[in-house]
Amino acid sequence: MNVLCFVEPGDELSAQAVGVARSLGDVRAVTFDGAYQPAAWAKALAAQPAEAIVAAGSDRGNEVLAHVGAILDRPFAANVTAIAGDVVTRQRWGGSLVEEARLHGSPQLLTVAPHTQPAAEIGDVEMLAAEDDGSPRVLERIEESSTGVSLREAKVVVGGGRGVGSAEGFAIIEELAALLGGAVGCSRVVTSAGWRPHTDQVGQTGTKISADLYVACGISGATQHVAGARGAKRILAVNTDPEAPILAVADYAVIGDLHEVVPAISAELRRVRA
Amino acid sequence: MRILVCVKRVPLTGGKMVLTDDAQALETRHLGFTISPHEECAVEEAVRIVEAEGGEVVVMTLGPAEAEEQLRDCMAIGADRGILLETQGEEWDAQATAGAIVEALHSEPEPFHLLFFGNESADAGGYQVGIRVAHALGLPIVTGLKKIDLRDGSVRCERDVGGPRDVYEAPLPAVLTVLEGLNLPRYPSVPGRLRAKQKPLARTAVSPPAAQLEKLRLIVPEGQGKQAEILGDGAAAAPRVVEVLQELGVA
């Protein structure tokens with residue numbers, strides 16, 4: 001099978017997509033230079049001969065493949081974890097549920113769910129030309145102004161949920177995060193209440209973290225939240241309720257009120273370091 | 001300014017995914033329903049624009065008769081009228097959904113200046129309905145937006161790319177797909193809920209074409225049901241917690 005794979009050189013998710021593309025057939029890896037222009041890039045991809053077009057399940061990969069699907073009027077399966085013939089397994093609900101679905105017709109259009117496949121060598125990449133068709137493209141990039149630890153890349157994230165109780169209640173969460181050199185996270189309940197900015201939200205509609213340790217304080221463990229926390233290697237839950245769903249995804253738990261437990265952990269850290 | 005917002009009725013899933021016996025859907029007997037979080041921000045943004053500039057916000061959904069509840073919720077925070085493309089409750093794939101939306105737009109008296117979608121639905125997560133509608137209508141589209149500024153005859157948009165933001169511009173009319181964090185949606189007021197009951201809602205029965213991305217079955221992935229190691233109760237657990245932090249190399 002002739003497989004066209006849209007990659008962004010140096011992108012880890014593209015390397016994961018290439019692995020899946022190779023399992024389907026002979027891969028031709030392609031990319032573009034110049035300002036990102038999804039509709040124009042998709043038009044160039046759609047014009048290539050291919051029986052399958054694969055990309056990473058990244059913001060750009062999903063976007064470009066959706067444009068290809070629209071241009072060719074073909075179905076597109078986003079965030080696929082496995083493919084056998086015309087049956088794909090793909091993520092729903094940010095990975096909290098999967099579906100098996102039949103992808104009808106040709107070419108098959110799919111993206112590969114992030115961090116579900118090992119990375120492959122991308123190998124040679126061909127530069128495709130995309131004609132500027134006047135469709136929206138990136139005009140400029142505004143660099144980030146904040147200097148704190150990024151939630152996405154932090155080694156430790158200390159998160160607070162409804163149990164924190166107020167915006168002020170996050171002082172003890174911030175203190176523990178600072179002691180561990182980590183970032184503060186929170187659940188959707190917290191951002192909806194206005195206690196923390198949306199940029200702090202861990203979840204399906206917030207940031208997906210990849211920390212070595214996630215400390216989830218006063219967080220029940222709704223699927224919306226777990227979809228963003230699943231990438232953490234270890235989860236420690238601090239919760240008053242031993243039946244809370246977060247305990248079914250956590251590695252460690254302390255049963256108790258976070259308002260007592262979290263300051264005690266901070267104090268103990270200071271004591272052993274003194 | 002005439003603005004269309006497309007939304008989707010989805011269950012409030014809580015802590016655990018439970019499937020129906022035939023593995024075709026989530027068991028929703030004990031669940032409430034809402035719209036996808038990104039779409040809540042889309043509705044809020046549309047209402048703010050029309051509050052500032054005048055015009056009309058129309059909210060549209062494709063779903064079962066019960067999806068009227070979600071359209072009324074949107075009208076309670078300020079949408080002016082609703083359009084329900086009424087199914088028999090079966091699931092539609094993204095291509096079919098986009099086709100039905102485009103078809104319905106042909107019978108609107110005047111075109112919209114802005115068409116808002118969530119970047120992806122909470123449940124199916126297909127990342128494509130807005131893009132397909134844009135292509136079918138021949139309109140420019142920008143996706144994944146966290147900031148929208150209307151200018152004279154155009155719109156300037158910002159998209160978060162992992163910290164930095166990419167800036168796009170599109171002439172109107174345009175299709176925009178948005179992300180949660182674009183704004184903080186308001187809660188509906190009691191008078192707002194009462195007004196919503198009186199607002200116009202048009203229903204059109206629709207029947208699905210053959211699915212091109214055809215759902216076969218749903219599966220709850222493994223990994224739920226892990227047994228957490230209990231490190232202790234209350235503040236007395238702190239020394240054991242710090243030991244674990246040291247073992248993990250993060251203390």
# chains A, B, ... in the order shown; residues from 1 in each chain; ligands from 1
$ interface_residues --of "chain A" --to "chain B" --cutoff "6 Å" --atoms "only C-alpha atoms" --output "VMD selection string"
chain A and resid 66 70 75 78 92 to 93 97 to 104 136 to 144 198 221 to 223 245 247 to 256 260 to 261 264 to 265
$ closest_atom_pairs --of "segment 38-66 of chain A" --to "segment 19-33 of chain A" --cutoff "9 Å" --atoms "only C-alpha atoms" --output "Markdown table"
| residue | atom | partner | partner_atom | distance |
| --- | --- | --- | --- | --- |
| A:Trp41 | CA | A:Phe32 | CA | 7.4 |
| A:Leu45 | CA | A:Val30 | CA | 8.7 |
| A:Ala52 | CA | A:Leu24 | CA | 8.3 |
| A:Ile53 | CA | A:Ala21 | CA | 8.3 |
| A:Val54 | CA | A:Ala21 | CA | 6.3 |
| A:Ala55 | CA | A:Ala21 | CA | 8.4 |
$ residues_around --residues "Met1 of chain B" --least-positions-apart "5" --cutoff "8 Å" --atoms "only C-alpha atoms" --output "PyMOL selection string"
chain B and resi 49-50+53-56+112-114
$ closest_residue --among "A:Glu131, A:Ser210, A:Arg162, A:Pro114" --to "Ser192 of chain A" --atoms "only C-alpha atoms"
A:Arg162
$ residues_around --residues "Pro191 of chain B" --least-positions-apart "3" --cutoff "10 Å" --atoms "only C-alpha atoms" --output "ChimeraX atom specification"
/B:76-77,188,194-196
$ write_last_selection --atoms "N, CA and C atoms" --output "mmCIF file, in the first residue's frame"
data_model
loop_
_atom_site.group_PDB
_atom_site.id
_atom_site.type_symbol
_atom_site.label_atom_id
_atom_site.label_comp_id
_atom_site.auth_asym_id
_atom_site.auth_seq_id
_atom_site.Cartn_x
_atom_site.Cartn_y
_atom_site.Cartn_z
ATOM 1 N N ALA B 76 -30.882 30.320 27.441
ATOM 2 C CA ALA B 76 -30.956 30.916 28.782
ATOM 3 C C ALA B 76 -29.775 31.849 29.042
ATOM 4 N N ILE B 77 -28.645 31.623 28.381
ATOM 5 C CA ILE B 77 -27.541 32.564 28.561
ATOM 6 C C ILE B 77 -27.469 33.587 27.422
ATOM 7 N N PRO B 188 -26.587 30.571 33.697
ATOM 8 C CA PRO B 188 -27.891 31.134 33.343
ATOM 9 C C PRO B 188 -28.597 31.673 34.583
ATOM 10 N N LEU B 194 -36.394 31.543 32.236
ATOM 11 C CA LEU B 194 -37.808 31.760 31.919
ATOM 12 C C LEU B 194 -37.964 32.306 30.505
ATOM 13 N N ARG B 195 -37.116 33.274 30.151
ATOM 14 C CA ARG B 195 -37.172 33.837 28.786
ATOM 15 C C ARG B 195 -36.897 32.757 27.750
ATOM 16 N N ALA B 196 -35.960 31.858 28.080
ATOM 17 C CA ALA B 196 -35.549 30.827 27.112
ATOM 18 C C ALA B 196 -36.733 29.962 26.693
#
$ atom_distance --atom1 "atom CA of Gln16 of chain A" --atom2 "atom CA of Val215 of chain A"
28.4 Å
$ atom_distance --atom1 "atom CA of Arg271 of chain A" --atom2 "atom CA of Ala154 of chain A"
24.2 Å
$ atom_distance --atom1 "atom CA of Ala42 of chain A" --atom2 "atom CA of Ala174 of chain B"
18.4 Å
$ select_by_dssp --residues "segment 57-163 of chain A" --states "strand (DSSP E or B)" --output "VMD selection string"
chain A and resid 76 to 84 87 to 92 97 to 103 108 to 112 126 to 127 140 to 142 156 to 160
$ residues_around --residues "Glu8 of chain A" --least-positions-apart "4" --cutoff "12 Å" --atoms "only C-alpha atoms" --output "VMD selection string"
chain A and resid 12 to 18 29 to 33 36 55 to 61 64 122 to 127
$ residues_around --residues "segment 197-206 of chain B" --least-positions-apart "3" --cutoff "9 Å" --atoms "only C-alpha atoms" --output "PyMOL selection string"
chain B and resi 62+65+68+71-72+75-76+79-88+100+104+192-194
$ select_by_dssp --residues "segment 17-153 of chain A" --states "alpha helix (DSSP H)" --output "VMD selection string"
chain A and resid 17 to 24 38 to 46 59 to 72
$ write_last_selection --atoms "C-alpha atoms" --output "short mmCIF file (atom, residue, chain, number, x, y, z; two decimals), in the first residue's frame"
data_model
loop_
_atom_site.label_atom_id
_atom_site.label_comp_id
_atom_site.auth_asym_id
_atom_site.auth_seq_id
_atom_site.Cartn_x
_atom_site.Cartn_y
_atom_site.Cartn_z
CA ALA A 17 2.74 8.36 13.45
CA VAL A 18 5.49 7.20 11.06
CA GLY A 19 5.69 3.90 12.96
CA VAL A 20 2.01 3.21 12.34
CA ALA A 21 2.25 4.37 8.72
CA ARG A 22 5.08 1.85 8.08
CA SER A 23 2.91 -0.98 9.45
CA LEU A 24 0.47 -0.19 6.60
CA PRO A 38 -3.71 24.16 6.89
CA ALA A 39 -6.21 24.33 4.01
CA ALA A 40 -3.47 24.94 1.42
CA TRP A 41 -1.24 22.21 2.82
CA ALA A 42 -4.18 19.80 2.82
CA LYS A 43 -4.92 20.63 -0.81
CA ALA A 44 -1.35 19.65 -1.74
CA LEU A 45 -1.61 16.40 0.27
CA ALA A 46 -4.97 15.51 -1.26
CA ASP A 59 -3.41 19.91 16.86
CA ARG A 60 -1.92 20.37 13.41
CA GLY A 61 -2.10 16.72 12.35
CA ASN A 62 -5.78 16.46 13.20
CA GLU A 63 -6.51 19.79 11.56
CA VAL A 64 -4.69 19.09 8.29
CA LEU A 65 -6.23 15.60 7.94
CA ALA A 66 -9.72 17.00 8.61
CA HIS A 67 -9.13 19.44 5.72
CA VAL A 68 -8.01 16.54 3.52
CA GLY A 69 -11.18 14.65 4.47
CA ALA A 70 -13.31 17.65 3.55
CA ILE A 71 -11.51 18.21 0.23
CA LEU A 72 -11.76 14.55 -0.83
#
